[in-house]
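What follows is one structure encoded as structure tokens, with my remarks underneath.
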Amino acid sequence: MSETPSTSFSMVRRISSEGQLPSPHQLGITQPVVAKRISFYKSGDPQFGGVRVVLNPRSFKTFDALLDNLSGKVPLPFGVRNISTPRGRHSITRLEELEDGQSYLCSHGRKVQPVDLDKARRRPRPWLSSRALSTHVQRGPAPAAPGMLRAPRRLVVFRNGDPKTRRAIVLNRRVTQSFEVFLQYLTQVMQRPVTKLYATDGRKVPSLQAVILSSGAVVAAGREPFKPGNYDIQKYLLPARLPGISRRVYPKGNARSESRKSGNWKVSIITSDLPNAGTSSQIYIILYGQHRSSAAIYLYGTDGARFQDGHEDTFTITVGDIGTLFKIRVGHTNSGLSPSWHCKEIKLWDLNAGRQFHIPVQRWLARDQEDGEVCREFPVLNKGWPILPVTVYEVHVATGELWNAGTVANVYIAVYGEKGDTGSRQLFRSKSTLNFLRGQVDSFLLEAVHLGNLYKIVIAHDGLGPGNGWFLDDVVIKDPTTNREYTFFCHRWLDQGEDDGKIVRELYARNNSILSARQKLEVIRKETWAAESWKFRKGNTLQFYNRLTGGFVRLHPDSTVDAVGEKTDKYGLFDVIFNKGNVCIFQSHELRHLSLALDNGSVTGMASGGASTEMRVLSQPNRCALLESARVPGHLVIFDRHGKITNESSAGYADLSKEFVVFVKGIGDSDCHFKIKKNLRNACISLESVKSPGLFVGLRSDGQAKPVVYTENGSVFFYPQVIKFGRENPSGMSVTPSQEEKILESRNQQEMPSEPEARGAPSPSTAHGFHLCLRA
């Protein structure tokens with residue numbers, strides 16, 4: 001079932017897949033072409049201007065590679081999973097079917113909404129549009145949501161790579177009705193195309209909510225990447241004159257005028273003399289005072305390279321009136337050829353007050369050293385002020401159980417307390433091998449100067465990667481200094497294609513008496529396993545149906561494993577020979593010397609009894625199962641769409657690639673055989689035991705099955721599920737004619753079981769293959 005990589009790009013078809021007349025140059029003899037130039041549009045979105053892609057044998061060797069590339073360019077909730085012709089009549093499955101100069105639609109499902117391509121092609125660029133901004137939005141007041149603009153505020157907008165070119169604007173409801181309207185407004189203000197926004201430290205600002213929650217400055221860019229610069233916002237945000245203060249007169253010799261609100265500081269940073277201690281990255285510093293904090297101030301020089309081994313670099317900076325200094329944060333952008341940096345110490349001089357501060361550092365700021373952090377916080381000892389301890393907070397992030405709830409995007413968090421904030425930190429190093437999987441709780445450590453009582457967090461992701469949407473249940477932060485836990489409940493999508501389309505959430509601490517979503521997840525897991533654990537009893541024979549490939553897992557004599565088998569394939573049967581909780585060993589029914597194993601992240605066949613053959617079964621709420629290595633948690637059995645073994649990063653199909661429908665083969669006992677009795681009066685069926693005539697399958701109010709004598713009550717009545725042909729395809733896709741014939745044929749084979757419902761309740765639509773045993 002695997003596809004051969006496309007190598008033929010030389011033929012130009014005479015008739016398009018939509019039945020359009022060929023262009024004049026196609027009427028003659030076909031000529032070989034070096035590449036195909038193709039336009040891709042978003043299904044159902046005429047406002048999307050399209051993506052132009054050049055296809056040649058070197059750029060895309062497989063159709064999957066093209067889908068992955070388009071997933072990063074076409075904004076779809078689960079990435080690009082389907083390409084079709086403009087009217088949605090025909091799906092494209094091979095590179096050879098794409099025609100030079102044609103246009104196609106991208107969607108994340110088989111359902112395609114046609115688009116008027118002429119309208120999409122004519123859509124004017126934002127900086128060329130002459131329409132008033134008010135024509136894009138609906139007028140009228142709307143209730144302010146958390147994180148949305150409640151009152152006008154000032155924002156400094158820098159030009160990308162040119163900090164001297166800046167504009168101070170006022171955010172109000174007129175220009176913040178939508179992110180698109182705001183970008184158009186900035187295009188007019190900056191007098192250049194603005195299509196992207198960045199924070200001053202280089203992080204992408206993906207939404208209007210992120211703008212409103214920013215530190216007060218953004219960098220406006222076109223299509224070019226972020227360019228570091230000294231984007232200092234303090235002197236542009238402060239008003240020229242403070243009302244009621246600037247006109248006061250002070251006698252000579254008294255305190256300085258209160259109108260003097262800018263502070264001049266001298267900063268000296270010493271890089272360690274350790275090998276490779278210097279950095280190629282951009283260093284920034286943030287000062288936290290009693291009144292406020294400064295913005296991220298980048299430290300640049302004009303006399304050669306800075307921050308090299310054993311060197312001391314000195315700068316003079318200007319910040320606003322931050323009040324009494326109590327902590328600093330120093331970090332870098334992790335850019336360049338050698339971004340790792342080891343800082344020895346930092347010296348600060350308040351040139352206005354004449355005070356000096358010395359901060360010993362002696363820490364790495366590097367992804368490959370210590371804890372992997374690229375920013376550090378340090379308390380400042382100030383006479384008459386208590387020094388705050390450095391605290392390592394435990395951050396537990398619970399991803400929801402909904403389908404496709406996990407994300408591959410980079411997740412960031414900012415924690416706020418009575419004594420400041422942590423700034424934006426990436427959550428990237430947890431105890432789990434793979435972060436933010438569906439139904440998983442990931443634990444991280446976050447080091448910061450103690451924040452006091454916590455009251456809110458801002459959590460977001462960068463929206464990168466196919467299927468980057470994320471369903472967050474809750475965040476629990478433990479403060480080891482006070483031994484308190486703070487719960488921040490969410491239970492919402494951070495997804496541009498779900499819910500309200502936002503990927504930034506502002507969450508406030510809840511009372512610990514409220515049951516956290518993390519505890520709810522544990523309850524759901526236990527209930528699901530209680531309903532599904534019977535399948536994995538020792539002695540059962542199982543088959544694993546992969547939802548992505550539509551085939552069964554097979555273990556071949558040469559120890560290779562795939563997921564394209566038929567249900568009658570003898571290599572697709574596995575016996576449960578070991579069971580301890582949800583840890584099992586699945587031995588091949590045909591090849592008794594081999595069992596399924598996960599060895600170094602690869603699925604293979606190995607001799608039974610080894611640690612690599614022990615699989616942990618993770619039951620999902622949709623009654624599917626994930627197979628995880630018991631020895632290396634986080635390593636899962638995953639297949640690509642061709643049924644070949646792959647890994648999490650390259651699967652690209654969310655949970656379908658690692659979800660299995662588990663079928664249990666019949667025991668052969670007569671207790672498991674039932675006759676179907678049709679009840680024409682109410683269009684339902686009942687199941688009568690073959691061994692004990694007169695006994696029927698009944699359901700109690702708690703969902704448990706029991707043998708009952710036939711009566712007119714509803715406990716023995718089951719309503720069949722209406723299915724067009726055969727049984728329902730577990731992957732949720734439509735069944736092809738060839739599959740229909742095989743399914744209909746399999747229904748006549750008594751040995752093939754169907755998947756029972758929860759807690760042993762039978763499913764009338766598949767009653768011919770039940771393995772529910774009824775004993776009198």
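Identifiers for the structure tokens are assigned positionally: chains receive A, B, ... in sequence, residues are indexed from 1 per chain, and ligands are indexed from 1 in the order shown.
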
Residue list (helix (DSSP H, G or I), DSSP) for range 171-239 of chain A, as number ranges by chain: A: 179-190, 208-212, 234-237

Residues flagged strand (DSSP E) by DSSP in range 183-398 of chain A, as a ChimeraX atom specification: /A:196-198,217-221,263-271,283-289,297-298,312-319,325-332,341-350,355-365,375-379,390-398

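Those residues that approach range 631-637 of chain A to within 9 Å, counting only C-alpha atoms, are A:Ser432, A:Thr433, A:Leu434, A:Asn435, A:Leu598, A:Asn600, A:Gly601, A:Ser602, A:Val603, A:Ala611, A:Ser612, A:Thr613, A:Glu614, A:Met615, A:Arg616, A:Ile645, A:Thr646, A:Asn647, A:Glu648, A:Ser657, A:Lys658, A:Glu659; same-chain residues fewer than 6 positions away are not listed.
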
Pull N, CA and C atoms from the residues just selected and write them as an mmCIF file, in the first residue's frame.
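After the write, result02.cif holds the following:
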```cif
data_model
loop_
_atom_site.group_PDB
_atom_site.id
_atom_site.type_symbol
_atom_site.label_atom_id
_atom_site.label_comp_id
_atom_site.auth_asym_id
_atom_site.auth_seq_id
_atom_site.Cartn_x
_atom_site.Cartn_y
_atom_site.Cartn_z
ATOM 1 N N SER A 432 8.382 13.671 30.794
ATOM 2 C CA SER A 432 7.869 12.851 29.696
ATOM 3 C C SER A 432 8.763 12.997 28.473
ATOM 4 N N THR A 433 8.861 11.919 27.699
ATOM 5 C CA THR A 433 9.665 11.970 26.481
ATOM 6 C C THR A 433 9.054 12.913 25.458
ATOM 7 N N LEU A 434 7.736 12.869 25.329
ATOM 8 C CA LEU A 434 7.022 13.743 24.411
ATOM 9 C C LEU A 434 6.046 14.577 25.219
ATOM 10 N N ASN A 435 6.056 15.881 24.994
ATOM 11 C CA ASN A 435 5.229 16.787 25.787
ATOM 12 C C ASN A 435 3.861 16.998 25.159
ATOM 13 N N LEU A 598 9.067 -2.728 21.662
ATOM 14 C CA LEU A 598 9.527 -1.378 21.356
ATOM 15 C C LEU A 598 10.972 -1.272 21.823
ATOM 16 N N ASN A 600 14.448 0.861 21.420
ATOM 17 C CA ASN A 600 15.071 2.108 20.964
ATOM 18 C C ASN A 600 14.134 2.914 20.062
ATOM 19 N N GLY A 601 12.867 2.932 20.441
ATOM 20 C CA GLY A 601 11.886 3.714 19.714
ATOM 21 C C GLY A 601 11.369 3.061 18.449
ATOM 22 N N SER A 602 11.820 1.843 18.127
ATOM 23 C CA SER A 602 11.403 1.152 16.912
ATOM 24 C C SER A 602 10.569 -0.061 17.280
ATOM 25 N N VAL A 603 9.490 -0.308 16.513
ATOM 26 C CA VAL A 603 8.616 -1.454 16.748
ATOM 27 C C VAL A 603 9.164 -2.642 15.982
ATOM 28 N N ALA A 611 12.401 -6.923 28.666
ATOM 29 C CA ALA A 611 11.768 -5.671 29.102
ATOM 30 C C ALA A 611 11.185 -4.905 27.922
ATOM 31 N N SER A 612 11.776 -5.067 26.736
ATOM 32 C CA SER A 612 11.293 -4.329 25.567
ATOM 33 C C SER A 612 9.938 -4.826 25.078
ATOM 34 N N THR A 613 9.564 -6.068 25.477
ATOM 35 C CA THR A 613 8.290 -6.620 25.009
ATOM 36 C C THR A 613 7.125 -6.232 25.913
ATOM 37 N N GLU A 614 7.390 -5.586 27.027
ATOM 38 C CA GLU A 614 6.319 -5.193 27.930
ATOM 39 C C GLU A 614 5.698 -3.884 27.440
ATOM 40 N N MET A 615 4.395 -3.935 27.153
ATOM 41 C CA MET A 615 3.655 -2.788 26.619
ATOM 42 C C MET A 615 2.637 -2.306 27.654
ATOM 43 N N ARG A 616 2.577 -1.002 27.820
ATOM 44 C CA ARG A 616 1.546 -0.421 28.690
ATOM 45 C C ARG A 616 0.369 0.019 27.811
ATOM 46 N N ILE A 645 6.417 1.771 10.123
ATOM 47 C CA ILE A 645 6.759 2.282 11.445
ATOM 48 C C ILE A 645 7.317 3.690 11.312
ATOM 49 N N THR A 646 6.888 4.579 12.188
ATOM 50 C CA THR A 646 7.390 5.952 12.172
ATOM 51 C C THR A 646 7.475 6.437 13.603
ATOM 52 N N ASN A 647 7.802 7.729 13.783
ATOM 53 C CA ASN A 647 7.892 8.298 15.129
ATOM 54 C C ASN A 647 6.924 9.459 15.252
ATOM 55 N N GLU A 648 6.852 10.036 16.458
ATOM 56 C CA GLU A 648 5.873 11.080 16.754
ATOM 57 C C GLU A 648 6.069 12.302 15.878
ATOM 58 N N SER A 657 -2.610 8.010 14.021
ATOM 59 C CA SER A 657 -1.474 7.151 13.691
ATOM 60 C C SER A 657 -1.098 6.211 14.819
ATOM 61 N N LYS A 658 -1.527 6.509 16.035
ATOM 62 C CA LYS A 658 -1.146 5.656 17.165
ATOM 63 C C LYS A 658 -2.338 5.093 17.927
ATOM 64 N N GLU A 659 -3.540 5.269 17.391
ATOM 65 C CA GLU A 659 -4.735 4.728 18.030
ATOM 66 C C GLU A 659 -5.114 3.408 17.381
#
```

Write out as a JSON list (two decimals) with all heavy atoms, in the first residue's frame which residues come within 12 Å of Asn382 in chain A when counting only C-alpha atoms, dropping same-chain ones fewer than 6 positions away.
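New file around-v9.json:
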```json
[["chain", "number", "residue", "atom", "x", "y", "z"],
["A", 289, "GLY", "N", 11.64, 46.86, 39.65],
["A", 289, "GLY", "CA", 11.65, 47.76, 40.79],
["A", 289, "GLY", "C", 10.33, 47.76, 41.53],
["A", 289, "GLY", "O", 9.37, 47.07, 41.14],
["A", 290, "GLN", "N", 10.29, 48.54, 42.57],
["A", 290, "GLN", "CA", 9.11, 48.61, 43.42],
["A", 290, "GLN", "C", 7.88, 49.11, 42.64],
["A", 290, "GLN", "O", 6.76, 48.68, 42.90],
["A", 290, "GLN", "CB", 9.40, 49.54, 44.59],
["A", 290, "GLN", "CG", 8.23, 49.78, 45.52],
["A", 290, "GLN", "CD", 8.52, 50.88, 46.52],
["A", 290, "GLN", "OE1", 9.56, 51.54, 46.43],
["A", 290, "GLN", "NE2", 7.60, 51.07, 47.46],
["A", 323, "GLY", "N", 11.46, 52.60, 40.58],
["A", 323, "GLY", "CA", 11.46, 52.54, 42.03],
["A", 323, "GLY", "C", 12.66, 51.78, 42.56],
["A", 323, "GLY", "O", 13.68, 51.63, 41.89],
["A", 324, "THR", "N", 12.54, 51.26, 43.77],
["A", 324, "THR", "CA", 13.65, 50.53, 44.41],
["A", 324, "THR", "C", 13.86, 49.19, 43.72],
["A", 324, "THR", "O", 12.96, 48.37, 43.62],
["A", 324, "THR", "CB", 13.36, 50.31, 45.90],
["A", 324, "THR", "OG1", 13.14, 51.58, 46.52],
["A", 324, "THR", "CG2", 14.53, 49.61, 46.57],
["A", 325, "LEU", "N", 15.08, 48.95, 43.23],
["A", 325, "LEU", "CA", 15.41, 47.72, 42.51],
["A", 325, "LEU", "C", 15.41, 46.53, 43.47],
["A", 325, "LEU", "O", 16.01, 46.59, 44.54],
["A", 325, "LEU", "CB", 16.78, 47.87, 41.84],
["A", 325, "LEU", "CG", 17.26, 46.71, 40.97],
["A", 325, "LEU", "CD1", 16.43, 46.60, 39.71],
["A", 325, "LEU", "CD2", 18.74, 46.89, 40.63],
["A", 326, "PHE", "N", 14.71, 45.42, 43.07],
["A", 326, "PHE", "CA", 14.74, 44.23, 43.94],
["A", 326, "PHE", "C", 15.11, 42.95, 43.19],
["A", 326, "PHE", "O", 15.42, 41.95, 43.81],
["A", 326, "PHE", "CB", 13.40, 44.05, 44.65],
["A", 326, "PHE", "CG", 12.24, 43.70, 43.75],
["A", 326, "PHE", "CD1", 11.96, 42.39, 43.44],
["A", 326, "PHE", "CD2", 11.42, 44.70, 43.24],
["A", 326, "PHE", "CE1", 10.89, 42.06, 42.63],
["A", 326, "PHE", "CE2", 10.34, 44.38, 42.43],
["A", 326, "PHE", "CZ", 10.07, 43.05, 42.12],
["A", 327, "LYS", "N", 15.08, 42.95, 41.85],
["A", 327, "LYS", "CA", 15.57, 41.77, 41.12],
["A", 327, "LYS", "C", 15.87, 42.16, 39.68],
["A", 327, "LYS", "O", 15.41, 43.19, 39.19],
["A", 327, "LYS", "CB", 14.55, 40.62, 41.16],
["A", 327, "LYS", "CG", 13.41, 40.72, 40.15],
["A", 327, "LYS", "CD", 12.62, 39.42, 40.09],
["A", 327, "LYS", "CE", 11.51, 39.51, 39.03],
["A", 327, "LYS", "NZ", 10.75, 38.25, 38.91],
["A", 355, "ARG", "N", 24.06, 54.52, 43.79],
["A", 355, "ARG", "CA", 24.16, 53.22, 44.45],
["A", 355, "ARG", "C", 24.74, 52.18, 43.50],
["A", 355, "ARG", "O", 24.55, 52.25, 42.29],
["A", 355, "ARG", "CB", 22.78, 52.77, 44.93],
["A", 355, "ARG", "CG", 22.26, 53.58, 46.11],
["A", 355, "ARG", "CD", 20.82, 53.19, 46.44],
["A", 355, "ARG", "NE", 19.91, 53.56, 45.36],
["A", 355, "ARG", "CZ", 18.59, 53.38, 45.42],
["A", 355, "ARG", "NH1", 18.05, 52.84, 46.51],
["A", 355, "ARG", "NH2", 17.82, 53.74, 44.41],
["A", 356, "GLN", "N", 25.45, 51.21, 44.09],
["A", 356, "GLN", "CA", 26.09, 50.15, 43.31],
["A", 356, "GLN", "C", 25.62, 48.79, 43.82],
["A", 356, "GLN", "O", 25.45, 48.58, 45.02],
["A", 356, "GLN", "CB", 27.61, 50.25, 43.42],
["A", 356, "GLN", "CG", 28.36, 49.19, 42.60],
["A", 356, "GLN", "CD", 29.86, 49.38, 42.65],
["A", 356, "GLN", "OE1", 30.35, 50.40, 43.18],
["A", 356, "GLN", "NE2", 30.60, 48.43, 42.15],
["A", 357, "PHE", "N", 25.41, 47.86, 42.87],
["A", 357, "PHE", "CA", 24.95, 46.52, 43.20],
["A", 357, "PHE", "C", 25.86, 45.50, 42.51],
["A", 357, "PHE", "O", 26.22, 45.66, 41.34],
["A", 357, "PHE", "CB", 23.50, 46.29, 42.74],
["A", 357, "PHE", "CG", 22.54, 47.33, 43.26],
["A", 357, "PHE", "CD1", 22.24, 48.45, 42.49],
["A", 357, "PHE", "CD2", 21.95, 47.19, 44.50],
["A", 357, "PHE", "CE1", 21.35, 49.40, 42.95],
["A", 357, "PHE", "CE2", 21.06, 48.15, 44.97],
["A", 357, "PHE", "CZ", 20.76, 49.26, 44.21],
["A", 358, "HIS", "N", 26.21, 44.46, 43.26],
["A", 358, "HIS", "CA", 27.07, 43.40, 42.73],
["A", 358, "HIS", "C", 26.30, 42.09, 42.81],
["A", 358, "HIS", "O", 25.83, 41.68, 43.88],
["A", 358, "HIS", "CB", 28.38, 43.30, 43.51],
["A", 358, "HIS", "CG", 29.23, 42.14, 43.07],
["A", 358, "HIS", "ND1", 29.25, 40.94, 43.75],
["A", 358, "HIS", "CD2", 30.09, 42.01, 42.04],
["A", 358, "HIS", "CE1", 30.08, 40.12, 43.14],
["A", 358, "HIS", "NE2", 30.62, 40.75, 42.11],
["A", 359, "ILE", "N", 26.18, 41.38, 41.66],
["A", 359, "ILE", "CA", 25.38, 40.16, 41.60],
["A", 359, "ILE", "C", 26.26, 39.03, 41.06],
["A", 359, "ILE", "O", 26.60, 39.00, 39.87],
["A", 359, "ILE", "CB", 24.16, 40.34, 40.68],
["A", 359, "ILE", "CG1", 23.30, 41.51, 41.16],
["A", 359, "ILE", "CG2", 23.33, 39.06, 40.61],
["A", 359, "ILE", "CD1", 22.25, 41.93, 40.19],
["A", 388, "LEU", "N", 14.70, 38.48, 48.46],
["A", 388, "LEU", "CA", 13.77, 37.41, 48.09],
["A", 388, "LEU", "C", 14.54, 36.15, 47.70],
["A", 388, "LEU", "O", 15.58, 36.24, 47.02],
["A", 388, "LEU", "CB", 12.88, 37.86, 46.93],
["A", 388, "LEU", "CG", 11.98, 39.07, 47.21],
["A", 388, "LEU", "CD1", 11.25, 39.48, 45.94],
["A", 388, "LEU", "CD2", 10.98, 38.74, 48.30]]
```

Using only C-alpha atoms, which residues sit within 8 Å of range 105-111 of chain A once same-chain residues fewer than 6 positions away are excluded, as a tab-separated table (two decimals) with all heavy atoms, in the first residue's frame?
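The resulting file, around01.tsv, is shown below:
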```tsv
chain	number	residue	atom	x	y	z
A	40	PHE	N	-2.31	26.72	-4.28
A	40	PHE	CA	-3.14	26.01	-3.32
A	40	PHE	C	-3.94	27.03	-2.50
A	40	PHE	O	-3.36	28.01	-2.00
A	40	PHE	CB	-2.29	25.14	-2.39
A	40	PHE	CG	-1.58	24.02	-3.10
A	40	PHE	CD1	-0.27	24.18	-3.54
A	40	PHE	CD2	-2.21	22.82	-3.34
A	40	PHE	CE1	0.39	23.16	-4.19
A	40	PHE	CE2	-1.56	21.78	-4.00
A	40	PHE	CZ	-0.26	21.95	-4.44
A	41	TYR	N	-5.24	26.78	-2.36
A	41	TYR	CA	-6.13	27.67	-1.62
A	41	TYR	C	-6.77	26.91	-0.47
A	41	TYR	O	-6.77	25.67	-0.44
A	41	TYR	CB	-7.20	28.25	-2.54
A	41	TYR	CG	-6.64	29.15	-3.62
A	41	TYR	CD1	-6.19	28.63	-4.83
A	41	TYR	CD2	-6.53	30.52	-3.41
A	41	TYR	CE1	-5.65	29.44	-5.80
A	41	TYR	CE2	-6.00	31.35	-4.39
A	41	TYR	CZ	-5.56	30.81	-5.58
A	41	TYR	OH	-5.03	31.63	-6.54
A	42	LYS	N	-7.32	27.65	0.47
A	42	LYS	CA	-7.93	27.07	1.67
A	42	LYS	C	-9.41	26.80	1.43
A	42	LYS	O	-10.14	27.68	0.96
A	42	LYS	CB	-7.74	28.01	2.86
A	42	LYS	CG	-8.31	27.48	4.17
A	42	LYS	CD	-8.10	28.49	5.28
A	42	LYS	CE	-8.74	28.03	6.57
A	42	LYS	NZ	-8.57	29.04	7.65
A	43	SER	N	-9.85	25.61	1.76
A	43	SER	CA	-11.24	25.22	1.56
A	43	SER	C	-12.18	26.15	2.32
A	43	SER	O	-12.03	26.37	3.52
A	43	SER	CB	-11.45	23.78	2.05
A	43	SER	OG	-12.80	23.44	2.07
A	74	VAL	N	-0.78	26.78	5.03
A	74	VAL	CA	-2.24	26.96	4.95
A	74	VAL	C	-2.81	26.76	6.36
A	74	VAL	O	-2.69	25.69	6.92
A	74	VAL	CB	-2.87	25.96	3.97
A	74	VAL	CG1	-4.38	26.19	3.87
A	74	VAL	CG2	-2.22	26.10	2.59
A	76	LEU	N	-4.96	25.56	8.79
A	76	LEU	CA	-6.06	24.63	9.03
A	76	LEU	C	-5.91	24.03	10.42
A	76	LEU	O	-4.78	23.82	10.89
A	76	LEU	CB	-6.07	23.53	7.97
A	76	LEU	CG	-6.53	23.96	6.56
A	76	LEU	CD1	-6.21	22.88	5.55
A	76	LEU	CD2	-8.02	24.26	6.56
A	77	PRO	N	-7.01	23.72	11.10
A	77	PRO	CA	-6.93	23.26	12.49
A	77	PRO	C	-6.04	22.04	12.68
A	77	PRO	O	-5.29	21.96	13.64
A	77	PRO	CB	-8.39	22.96	12.84
A	77	PRO	CG	-9.20	23.78	11.91
A	77	PRO	CD	-8.41	23.88	10.65
A	78	PHE	N	-6.12	21.06	11.77
A	78	PHE	CA	-5.36	19.83	11.92
A	78	PHE	C	-4.35	19.63	10.81
A	78	PHE	O	-3.93	18.51	10.52
A	78	PHE	CB	-6.31	18.62	11.98
A	78	PHE	CG	-7.39	18.77	13.00
A	78	PHE	CD1	-8.72	18.76	12.65
A	78	PHE	CD2	-7.07	18.94	14.33
A	78	PHE	CE1	-9.71	18.91	13.60
A	78	PHE	CE2	-8.04	19.09	15.28
A	78	PHE	CZ	-9.37	19.08	14.92
A	79	GLY	N	-3.95	20.73	10.17
A	79	GLY	CA	-3.00	20.63	9.08
A	79	GLY	C	-3.69	20.19	7.79
A	79	GLY	O	-4.87	19.85	7.76
A	80	VAL	N	-2.94	20.19	6.71
A	80	VAL	CA	-3.48	19.80	5.40
A	80	VAL	C	-3.48	18.28	5.31
A	80	VAL	O	-2.43	17.64	5.40
A	80	VAL	CB	-2.65	20.41	4.25
A	80	VAL	CG1	-3.17	19.92	2.91
A	80	VAL	CG2	-2.70	21.93	4.31
A	81	ARG	N	-4.66	17.70	5.19
A	81	ARG	CA	-4.80	16.25	5.09
A	81	ARG	C	-5.38	15.81	3.74
A	81	ARG	O	-5.35	14.64	3.42
A	81	ARG	CB	-5.73	15.73	6.21
A	81	ARG	CG	-5.20	16.02	7.60
A	81	ARG	CD	-4.00	15.14	7.92
A	81	ARG	NE	-3.43	15.45	9.22
A	81	ARG	CZ	-2.45	16.29	9.42
A	81	ARG	NH1	-1.90	16.88	8.37
A	81	ARG	NH2	-1.98	16.52	10.63
A	82	ASN	N	-5.92	16.76	2.99
A	82	ASN	CA	-6.58	16.40	1.74
A	82	ASN	C	-6.38	17.53	0.73
A	82	ASN	O	-6.46	18.71	1.06
A	82	ASN	CB	-8.08	16.17	1.98
A	82	ASN	CG	-8.79	15.73	0.71
A	82	ASN	OD1	-8.42	14.75	0.09
A	82	ASN	ND2	-9.80	16.49	0.32
A	83	ILE	N	-6.12	17.17	-0.51
A	83	ILE	CA	-6.02	18.12	-1.63
A	83	ILE	C	-7.03	17.68	-2.68
A	83	ILE	O	-7.10	16.50	-3.04
A	83	ILE	CB	-4.60	18.14	-2.22
A	83	ILE	CG1	-3.59	18.64	-1.17
A	83	ILE	CG2	-4.54	19.02	-3.45
A	83	ILE	CD1	-2.16	18.62	-1.66
A	84	SER	N	-7.83	18.63	-3.14
A	84	SER	CA	-8.87	18.30	-4.13
A	84	SER	C	-8.90	19.37	-5.21
A	84	SER	O	-8.31	20.44	-5.09
A	84	SER	CB	-10.23	18.17	-3.45
A	84	SER	OG	-10.62	19.42	-2.88
A	85	THR	N	-9.65	19.08	-6.25
A	85	THR	CA	-9.84	20.04	-7.34
A	85	THR	C	-10.73	21.18	-6.86
A	85	THR	O	-11.41	21.06	-5.83
A	85	THR	CB	-10.47	19.34	-8.55
A	85	THR	OG1	-11.65	18.63	-8.11
A	85	THR	CG2	-9.49	18.35	-9.17
A	86	PRO	N	-10.76	22.32	-7.57
A	86	PRO	CA	-11.43	23.52	-7.04
A	86	PRO	C	-12.88	23.32	-6.65
A	86	PRO	O	-13.37	23.96	-5.74
A	86	PRO	CB	-11.28	24.53	-8.19
A	86	PRO	CG	-10.03	24.12	-8.88
A	86	PRO	CD	-10.00	22.63	-8.81
A	88	GLY	N	-14.09	20.50	-5.53
A	88	GLY	CA	-14.15	19.46	-4.52
A	88	GLY	C	-14.62	18.12	-5.03
A	88	GLY	O	-14.97	17.24	-4.23
```

Test item: residues at most 9 Å from range 335-351 of chain A, only C-alpha atoms, excluding those fewer than 4 positions along its chain, as a PyMOL selection string: chain A and resi 263-274+276-282+307-310+355-369+374

For range 259-314 of chain A against range 225-232 of chain A, with a cut-off of 10 Å and counting only C-alpha atoms, what is the closest atom pair and its distance in Å to one decimal for every residue that makes the cut, ordered by chain and number, as a tab-separated table?
```
residue	atom	partner	partner_atom	distance
A:Ser281	CA	A:Pro228	CA	9.8
A:Gln282	CA	A:Pro228	CA	7.4
A:Tyr284	CA	A:Asn230	CA	8.9
A:Ser294	CA	A:Asp232	CA	8.7
A:Ala295	CA	A:Asp232	CA	6.6
A:Ala296	CA	A:Asp232	CA	7.1
A:Ile297	CA	A:Asp232	CA	5.8
A:Tyr298	CA	A:Asn230	CA	4.9
A:Leu299	CA	A:Asn230	CA	7.1
A:Tyr300	CA	A:Asn230	CA	7.3
```

Can you write just those residues out, N, CA and C atoms, as a short mmCIF file (atom, residue, chain, number, x, y, z; two decimals), in the first residue's frame?
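Printed below is result29.cif as written:
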```cif
data_model
loop_
_atom_site.label_atom_id
_atom_site.label_comp_id
_atom_site.auth_asym_id
_atom_site.auth_seq_id
_atom_site.Cartn_x
_atom_site.Cartn_y
_atom_site.Cartn_z
N SER A 281 24.80 35.00 20.70
CA SER A 281 23.40 35.41 20.81
C SER A 281 23.29 36.86 21.27
N GLN A 282 22.06 37.40 21.25
CA GLN A 282 21.79 38.76 21.69
C GLN A 282 21.41 38.74 23.17
N TYR A 284 20.04 40.37 26.70
CA TYR A 284 19.14 41.42 27.17
C TYR A 284 19.07 41.37 28.68
N SER A 294 11.32 47.34 33.79
CA SER A 294 11.71 47.87 32.48
C SER A 294 11.33 46.87 31.40
N ALA A 295 11.44 47.26 30.15
CA ALA A 295 11.29 46.32 29.05
C ALA A 295 12.60 45.55 28.89
N ALA A 296 12.58 44.59 28.01
CA ALA A 296 13.82 43.88 27.69
C ALA A 296 14.75 44.83 26.95
N ILE A 297 15.91 45.11 27.54
CA ILE A 297 16.87 46.05 26.96
C ILE A 297 18.03 45.25 26.38
N TYR A 298 18.18 45.29 25.07
CA TYR A 298 19.26 44.55 24.42
C TYR A 298 20.56 45.34 24.52
N LEU A 299 21.61 44.61 24.83
CA LEU A 299 22.92 45.22 25.07
C LEU A 299 23.79 45.05 23.83
N TYR A 300 23.96 46.13 23.08
CA TYR A 300 24.72 46.12 21.85
C TYR A 300 25.99 46.96 22.02
#
```

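Coordinates place CA of Leu95 in chain A at a distance of 8.5 Å from CA of Leu66 in chain A.
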
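Considering the residues A:Ser293, A:Asn410, A:Gln102, A:Ser91 and counting only C-alpha atoms, Ile328 in chain A has its shortest atom-to-atom contact with A:Ser293.
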